[in-house]
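Peer 1: start-v5.txt is the file, holding compact mmCIF, C-alpha atoms:
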# COMPACT_ATOMS: atom_id res chain seq x y z
CA MET A 888 -22.62 4.47 20.47
CA GLY A 889 -22.85 7.32 18.04
CA ILE A 890 -22.70 7.39 14.30
CA TYR A 891 -18.93 7.99 14.48
CA GLU A 892 -18.26 4.75 16.32
CA ILE A 893 -20.58 2.76 14.07
CA LEU A 894 -18.81 4.09 11.00
CA PHE A 895 -15.40 3.42 12.57
CA TRP A 896 -16.14 -0.22 13.31
CA LEU A 897 -17.82 -0.76 9.94
CA LEU A 898 -14.84 0.67 8.06
CA THR A 899 -12.39 -1.23 10.26
CA ILE A 900 -14.08 -4.57 9.67
CA MET A 901 -14.26 -3.82 5.96
CA ALA A 902 -10.58 -2.86 5.79
CA ILE A 903 -9.24 -5.84 7.69
CA SER A 904 -11.46 -8.43 6.03
CA SER A 905 -10.66 -7.19 2.55
CA ALA A 906 -6.95 -7.01 3.42
CA LEU A 907 -7.19 -10.65 4.42
CA GLY A 908 -8.96 -11.27 1.13
CA VAL A 909 -5.97 -9.77 -0.71
CA ILE A 910 -3.52 -12.26 0.72
CA LEU A 911 -5.83 -15.27 0.78
CA SER A 912 -7.54 -15.22 -2.61
CA ARG A 913 -6.04 -17.38 -5.31
CA ASN A 914 -7.01 -15.23 -8.26
CA PRO A 915 -4.83 -12.11 -8.77
CA ILE A 916 -7.74 -10.16 -10.23
CA SER A 917 -9.82 -10.64 -7.10
CA SER A 918 -6.77 -9.69 -5.03
CA VAL A 919 -6.67 -6.38 -6.86
CA LEU A 920 -10.39 -5.85 -6.31
CA PHE A 921 -10.06 -6.61 -2.60
CA LEU A 922 -7.19 -4.13 -2.40
CA ILE A 923 -9.38 -1.47 -4.00
CA VAL A 924 -12.03 -2.13 -1.31
CA THR A 925 -9.32 -1.75 1.33
CA PHE A 926 -8.26 1.58 -0.11
CA PHE A 927 -11.84 2.83 -0.16
CA SER A 928 -12.31 1.96 3.49
CA ILE A 929 -9.02 3.67 4.35
CA SER A 930 -10.37 6.73 2.55
CA GLY A 931 -13.44 6.50 4.75
CA HIS A 932 -11.15 6.53 7.76
CA TYR A 933 -9.48 9.65 6.38
CA ILE A 934 -12.84 11.37 6.19
CA LEU A 935 -13.57 10.38 9.78
CA LEU A 936 -10.21 11.86 10.76
CA ASN A 937 -10.98 15.21 9.07
CA ALA A 938 -8.51 14.68 6.25
CA GLN A 939 -10.97 15.29 3.46
CA PHE A 940 -8.52 16.24 0.76
CA LEU A 941 -6.32 13.22 1.48
CA ALA A 942 -9.38 10.98 1.17
CA VAL A 943 -10.06 12.30 -2.32
CA VAL A 944 -6.40 12.05 -3.30
CA ASN A 945 -6.27 8.50 -1.95
CA VAL A 946 -9.23 7.44 -4.06
CA ILE A 947 -7.87 9.12 -7.18
CA VAL A 948 -4.23 8.07 -6.89
CA TYR A 949 -4.42 4.65 -5.29
CA ALA A 950 -7.79 3.23 -6.27
CA GLY A 951 -7.78 5.06 -9.57
CA ALA A 952 -4.28 5.11 -10.99
CA ILE A 953 -2.13 2.55 -9.21
CA MET A 954 -4.70 -0.21 -9.11
CA VAL A 955 -5.54 0.30 -12.77
CA LEU A 956 -1.82 -0.11 -13.47
CA PHE A 957 -1.83 -3.38 -11.53
CA LEU A 958 -4.93 -4.57 -13.41
CA PHE A 959 -3.32 -3.70 -16.73
CA VAL A 960 -0.18 -5.65 -15.90
CA ILE A 961 -2.13 -8.68 -14.68
CA MET A 962 -4.33 -8.73 -17.76
CA LEU A 963 -1.31 -8.14 -20.00
CA MET A 964 0.38 -11.21 -18.57
CA ASN A 965 -2.83 -13.23 -18.71
CA LEU A 966 -2.43 -14.29 -15.12
CA ASN A 967 -6.06 -14.66 -14.20
CA ALA A 968 -5.94 -18.41 -14.32
CA ASP A 969 -5.22 -19.62 -10.81
CA VAL A 970 -2.18 -21.69 -11.58
CA GLU A 971 0.07 -20.02 -9.06
CA PRO A 972 2.20 -22.56 -7.25
CA GLN A 973 1.94 -22.29 -3.51
CA LYS A 974 4.63 -22.22 -0.94
CA GLY A 975 4.92 -25.21 1.33
CA ARG A 976 2.70 -25.53 4.37
CA LEU A 977 5.66 -25.05 6.70
CA LEU A 978 6.75 -21.81 5.05
CA GLN A 979 3.19 -20.46 5.10
CA LEU A 980 2.83 -21.34 8.76
CA ALA A 981 6.17 -19.67 9.49
CA GLY A 982 5.09 -16.51 7.67
CA VAL A 983 1.78 -16.31 9.52
CA ILE A 984 3.48 -16.90 12.86
CA ALA A 985 6.13 -14.26 12.14
CA GLY A 986 3.53 -11.65 11.20
CA GLY A 987 1.36 -12.53 14.18
CA ILE A 988 4.26 -12.32 16.59
CA LEU A 989 5.24 -8.91 15.23
CA PHE A 990 1.66 -7.77 15.72
CA LEU A 991 1.62 -9.07 19.30
CA VAL A 992 4.94 -7.43 20.16
CA VAL A 993 3.95 -4.00 18.86
CA LEU A 994 0.50 -4.29 20.42
CA ALA A 995 2.01 -5.10 23.80
CA ALA A 996 4.51 -2.27 23.46
CA LEU A 997 1.94 0.32 22.43
CA LYS A 998 -0.87 -0.76 24.73
CA SER A 999 0.37 1.40 27.58
CA ALA A 1000 1.71 4.28 25.49
CA THR A 1001 0.58 7.69 26.58
CA VAL A 1002 -1.19 9.50 23.79
CA LEU A 1003 -3.14 12.69 23.58
CA PRO A 1004 -6.87 12.51 22.98
CA LEU A 1005 -7.98 13.23 19.44
CA GLU A 1006 -8.73 16.90 19.00
CA LYS A 1007 -12.36 17.69 18.50
CA ALA A 1008 -12.28 21.34 17.55
CA SER A 1009 -9.75 21.54 14.73
CA SER A 1010 -11.71 20.18 11.82
CA ASP A 1011 -10.15 22.23 9.05
CA ILE A 1012 -6.49 21.12 9.06
CA GLY A 1013 -7.22 18.63 6.31
CA LEU A 1014 -8.66 21.16 3.94
CA ILE A 1015 -6.72 22.06 0.85
CA LYS A 1016 -6.06 25.62 2.01
CA ASN A 1017 -4.12 24.65 5.11
CA LEU A 1018 -2.41 21.73 3.41
CA GLY A 1019 -1.28 23.91 0.54
CA ARG A 1020 0.05 26.54 2.89
CA THR A 1021 2.03 23.95 4.82
CA LEU A 1022 3.28 22.29 1.66
CA PHE A 1023 4.50 25.47 0.02
CA THR A 1024 6.00 27.14 3.08
CA GLN A 1025 7.60 24.43 5.18
CA PHE A 1026 8.10 21.69 2.63
CA VAL A 1027 9.11 23.46 -0.57
CA LEU A 1028 12.42 21.66 -0.96
CA PRO A 1029 10.97 18.12 -0.56
CA PHE A 1030 8.25 19.10 -3.02
CA GLU A 1031 10.81 20.05 -5.65
CA VAL A 1032 12.92 16.97 -4.93
CA SER A 1033 9.85 14.78 -5.39
CA SER A 1034 9.39 16.23 -8.87
CA VAL A 1035 12.91 15.03 -9.71
CA LEU A 1036 11.97 11.66 -8.23
CA PHE A 1037 8.94 11.45 -10.50
CA LEU A 1038 11.01 12.37 -13.53
CA SER A 1039 13.59 9.70 -12.76
CA ALA A 1040 10.83 7.15 -12.14
CA MET A 1041 9.27 7.94 -15.51
CA ILE A 1042 12.58 7.65 -17.33
CA GLY A 1043 13.44 4.51 -15.42
CA ALA A 1044 10.15 2.83 -16.23
CA ILE A 1045 10.54 3.62 -19.93
CA VAL A 1046 14.18 2.46 -20.04
CA ILE A 1047 13.46 -0.76 -18.17
CA GLY A 1048 10.29 -1.60 -20.03
CA LYS A 1049 11.69 -0.91 -23.47
CA LYS A 1050 11.63 -3.91 -25.74
CA GLU A 1051 15.09 -4.94 -26.77
CA ASP A 1052 14.92 -6.98 -29.93
CA THR A 1053 18.55 -7.71 -30.58
CA ASN A 1054 19.94 -9.86 -27.84
CA THR A 1055 16.95 -11.25 -26.01
CA ILE A 1056 17.49 -14.81 -24.95
CA PRO A 1057 14.11 -16.42 -24.33
CA LEU A 1058 14.39 -18.74 -21.39
CA LYS A 1059 11.61 -21.00 -20.37
CA GLY A 1060 10.87 -21.04 -16.67
CA LYS A 1061 10.47 -24.46 -15.22
CA MET B 244 -12.55 7.32 19.55
CA PRO B 245 -9.07 7.11 21.14
CA VAL B 246 -6.04 7.08 18.93
CA GLN B 247 -5.02 3.64 20.18
CA TYR B 248 -7.70 2.10 18.01
CA TYR B 249 -6.15 3.67 14.95
CA ILE B 250 -2.71 2.44 16.03
CA PHE B 251 -4.05 -1.09 16.37
CA LEU B 252 -5.89 -0.92 13.05
CA SER B 253 -2.85 0.23 11.14
CA MET B 254 -0.66 -2.34 12.91
CA ALA B 255 -3.13 -5.03 11.88
CA LEU B 256 -3.04 -3.87 8.26
CA PHE B 257 0.76 -3.70 8.35
CA CYS B 258 1.07 -7.22 9.73
CA ILE B 259 -1.40 -8.54 7.17
CA GLY B 260 0.85 -7.01 4.54
CA ILE B 261 3.90 -8.69 6.06
CA MET B 262 2.13 -12.04 6.15
CA GLY B 263 1.13 -11.68 2.52
CA THR B 264 4.69 -10.85 1.57
CA LEU B 265 5.92 -13.93 3.36
CA ILE B 266 3.36 -16.50 2.24
CA ARG B 267 2.73 -15.70 -1.42
CA ARG B 268 4.86 -16.53 -4.43
CA ASN B 269 3.33 -14.28 -7.04
CA ALA B 270 5.50 -11.16 -7.41
CA ILE B 271 2.50 -8.92 -8.16
CA ILE B 272 0.69 -10.02 -5.01
CA ILE B 273 3.83 -9.31 -2.99
CA PHE B 274 3.93 -5.87 -4.55
CA MET B 275 0.30 -5.26 -3.58
CA CYS B 276 1.09 -6.28 -0.02
CA ILE B 277 3.85 -3.65 0.03
CA GLU B 278 1.25 -1.09 -1.06
CA LEU B 279 -0.96 -2.27 1.80
CA MET B 280 1.86 -1.68 4.28
CA LEU B 281 2.45 1.83 2.90
CA ASN B 282 -1.23 2.60 3.32
CA ALA B 283 -1.20 1.39 6.91
CA VAL B 284 1.60 3.86 7.63
CA ASN B 285 -0.37 6.61 5.89
CA LEU B 286 -3.41 5.92 8.06
CA LEU B 287 -1.30 6.10 11.21
CA MET B 288 0.22 9.41 10.13
CA VAL B 289 -3.21 10.90 9.47
CA ALA B 290 -4.37 9.78 12.92
CA PHE B 291 -1.33 11.41 14.52
CA SER B 292 -1.95 14.53 12.48
CA LYS B 293 -5.38 14.77 14.02
CA MET B 294 -3.99 14.01 17.47
CA TYR B 295 -1.56 16.93 17.36
CA ALA B 296 -3.84 19.17 15.24
CA ASP B 297 -0.93 19.70 12.86
CA SER B 298 -1.03 19.35 9.10
CA SER B 299 2.65 18.46 8.59
CA ALA B 300 1.90 14.75 8.89
CA GLN B 301 -0.67 15.00 6.12
CA VAL B 302 1.96 16.58 3.89
CA PHE B 303 4.17 13.61 4.69
CA VAL B 304 1.35 11.37 3.50
CA PHE B 305 1.57 13.20 0.18
CA PHE B 306 5.26 12.44 -0.08
CA ASN B 307 4.56 8.85 0.84
CA MET B 308 2.07 8.63 -2.03
CA VAL B 309 4.66 10.15 -4.38
CA VAL B 310 7.23 7.54 -3.42
CA ALA B 311 4.63 4.78 -3.74
CA ALA B 312 3.64 5.90 -7.23
CA ALA B 313 7.27 6.06 -8.39
CA GLU B 314 7.95 2.67 -6.86
CA VAL B 315 4.93 1.11 -8.52
CA SER B 316 5.86 2.39 -11.97
CA VAL B 317 9.45 1.17 -11.81
CA GLY B 318 8.57 -2.09 -10.06
CA LEU B 319 5.85 -3.04 -12.51
CA ALA B 320 8.24 -2.27 -15.37
CA ILE B 321 10.75 -4.64 -13.80
CA ILE B 322 8.06 -7.33 -13.38
CA VAL B 323 6.93 -6.97 -17.00
CA MET B 324 10.55 -7.25 -18.10
CA MET B 325 11.06 -10.38 -16.00
CA TYR B 326 7.87 -11.89 -17.41
CA ARG B 327 9.13 -11.21 -20.91
CA LYS B 328 12.38 -13.00 -20.13
CA VAL B 329 11.32 -16.03 -18.11
CA HIS B 330 7.52 -16.16 -18.77
CA SER B 331 6.64 -16.31 -15.12
CA VAL B 332 6.22 -14.04 -12.12
CA ASP B 333 6.99 -16.77 -9.62
CA ILE B 334 9.64 -15.47 -7.26
CA ASN B 335 11.17 -18.91 -6.87
CA ILE B 336 12.14 -18.68 -10.54
CA LEU B 337 13.23 -15.08 -10.23
CA ASN B 338 15.69 -15.72 -7.44
CA ARG B 339 18.72 -16.35 -9.58
CA LEU B 340 19.27 -12.74 -10.70
CA LYS B 341 20.88 -13.93 -13.91
CA HIS B 342 19.89 -16.02 -16.89
Using the file provided, produce a representation of the structure as structure tokens.

Peer 2:
Amino acid sequence: MGIYEILFWLLTIMAISSALGVILSRNPISSVLFLIVTFFSISGHYILLNAQFLAVVNVIVYAGAIMVLFLFVIMLMNLNADVEPQKGRLLQLAGVIAGGILFLVVLAALKSATVLPLEKASSDIGLIKNLGRTLFTQFVLPFEVSSVLFLSAMIGAIVIGKKEDTNTIPLKGK
Amino acid sequence: MPVQYYIFLSMALFCIGIMGTLIRRNAIIIFMCIELMLNAVNLLMVAFSKMYADSSAQVFVFFNMVVAAAEVSVGLAIIVMMYRKVHSVDINILNRLKH
């Protein structure tokens, strides 16, 4: 059992246990922190898979930007008191069974799938040079379209989140 | 390390995300579970990229991150707006789609 396998199992256990922590913890703040741990372990998997640049981008974009956005929203709403009402036991059991059955079905379907072995020699496809060449030769049009997507997302977030003072009807939730 | 292990790991993360979406009532937690599912797909695509020694799948992971970032910004704006209207993020209150 080499260092690669030890790191794989360590990162796998960390990812799955902290993903379970996301859905099981009562406090939304600790859910966010568990999700950040999950993203870090997924970045570790990227490094093991020779996708070094994606690992860095994953840490910066997900664990840096998106999770900070989640933390801001949770702290803005003052949600860190654990007063969240829970679904009924029956619904929770049904959700767990549905997810577990989906896992079993895909696991049984993919158990006998024929796959290639992971390549050992090509360790530089994840470097920024090759990625940039692929991105700007084969995928130029999706790259430009994604810039339009970002622009529309920015405008949409501003338009939706704008405070409208005139005809807001405050309605108390029950 | 065979690629099946990565398939099973990302399936496990995806199903944990589905379970979280089904059993929680907080809209922000549900949103985080959707992020978890997107990351499981990203991990699987990186594993396949190494399997075929091709960097196109890693470029697709970039586009996946782009879509996730756009989705998060718009979705959190919608959640903040809903919280301003009904003072809750409980999806059982948000299921009426009108006020």

Peer 1: When you draw a straight line from atom CA of Gln939 of chain A to atom CA of Gly908 of chain A, how long is it in Å?

Peer 2: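 Going from atom CA of Gln939 of chain A over to atom CA of Gly908 of chain A covers 26.7 Å.
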
Peer 1: Got a sec to pull out which chain B residues are within 6 Å of chain A, counting only C-alpha atoms, and send them as number ranges by chain?

Peer 2: B: 258, 261-263, 265-266, 294, 298, 313, 317, 320, 324, 328-329

Peer 1: Using Å and a single decimal, report how far atom CA of Pro245 of chain B sits from atom CA of Val946 of chain A.

Peer 2: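 Atom CA of Pro245 of chain B lies at a distance of 25.2 Å from atom CA of Val946 of chain A.
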
Peer 1: Please indicate the distance in Å from atom CA of Phe303 of chain B to atom CA of Tyr248 of chain B, rounded to one decimal place.

Peer 2: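 Taking atom CA of Phe303 of chain B and atom CA of Tyr248 of chain B, their separation equals 21.2 Å.
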
Peer 1: Around all the atoms of segment 906-915 of chain A listed in the file, draw an axis-aligned box and extend it by 5 Å on each of the six sides; I want its centre and edge lengths in Å to one decimal, as lines of an AutoDock Vina configuration file.

Peer 2:
center_x = -6.2
center_y = -12.2
center_z = -2.2
size_x = 15.4
size_y = 20.4
size_z = 23.2

Peer 1: For the point (-3.2, 6.2, 15.9) in the file's frame, write as a list in words all residues with an atom no more than 7 Å away, counting all atoms listed in the file.

Peer 2: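 Residues satisfying the cut-off, written out: Val246, Gln247, Tyr248, Tyr249, Ile250, Leu287, Ala290 and Phe291 of chain B.
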
Peer 1: Looking at all atoms listed in the file, which of A:Phe921, A:Phe959, A:Phe1023, A:Phe927 is the one that sits closest to Val323 of chain B?

Peer 2: A:Phe959

Peer 1: Identify which of the residues B:Leu256, B:Met244, B:Arg268, B:Ile273 lies closest to Val315 of chain B, counting all atoms listed in the file when measuring atom-to-atom distances.

Peer 2: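 Among B:Leu256, B:Met244, B:Arg268, B:Ile273, it is B:Ile273 that comes nearest to Val315 of chain B.
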
Peer 1: Between B:Asn285, B:Met280, B:Ile271, B:Ala255, which has the minimum distance to Leu958 of chain A (counting only C-alpha atoms)?

Peer 2: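 Comparing B:Asn285, B:Met280, B:Ile271, B:Ala255 against Leu958 of chain A, the winner is B:Ile271.
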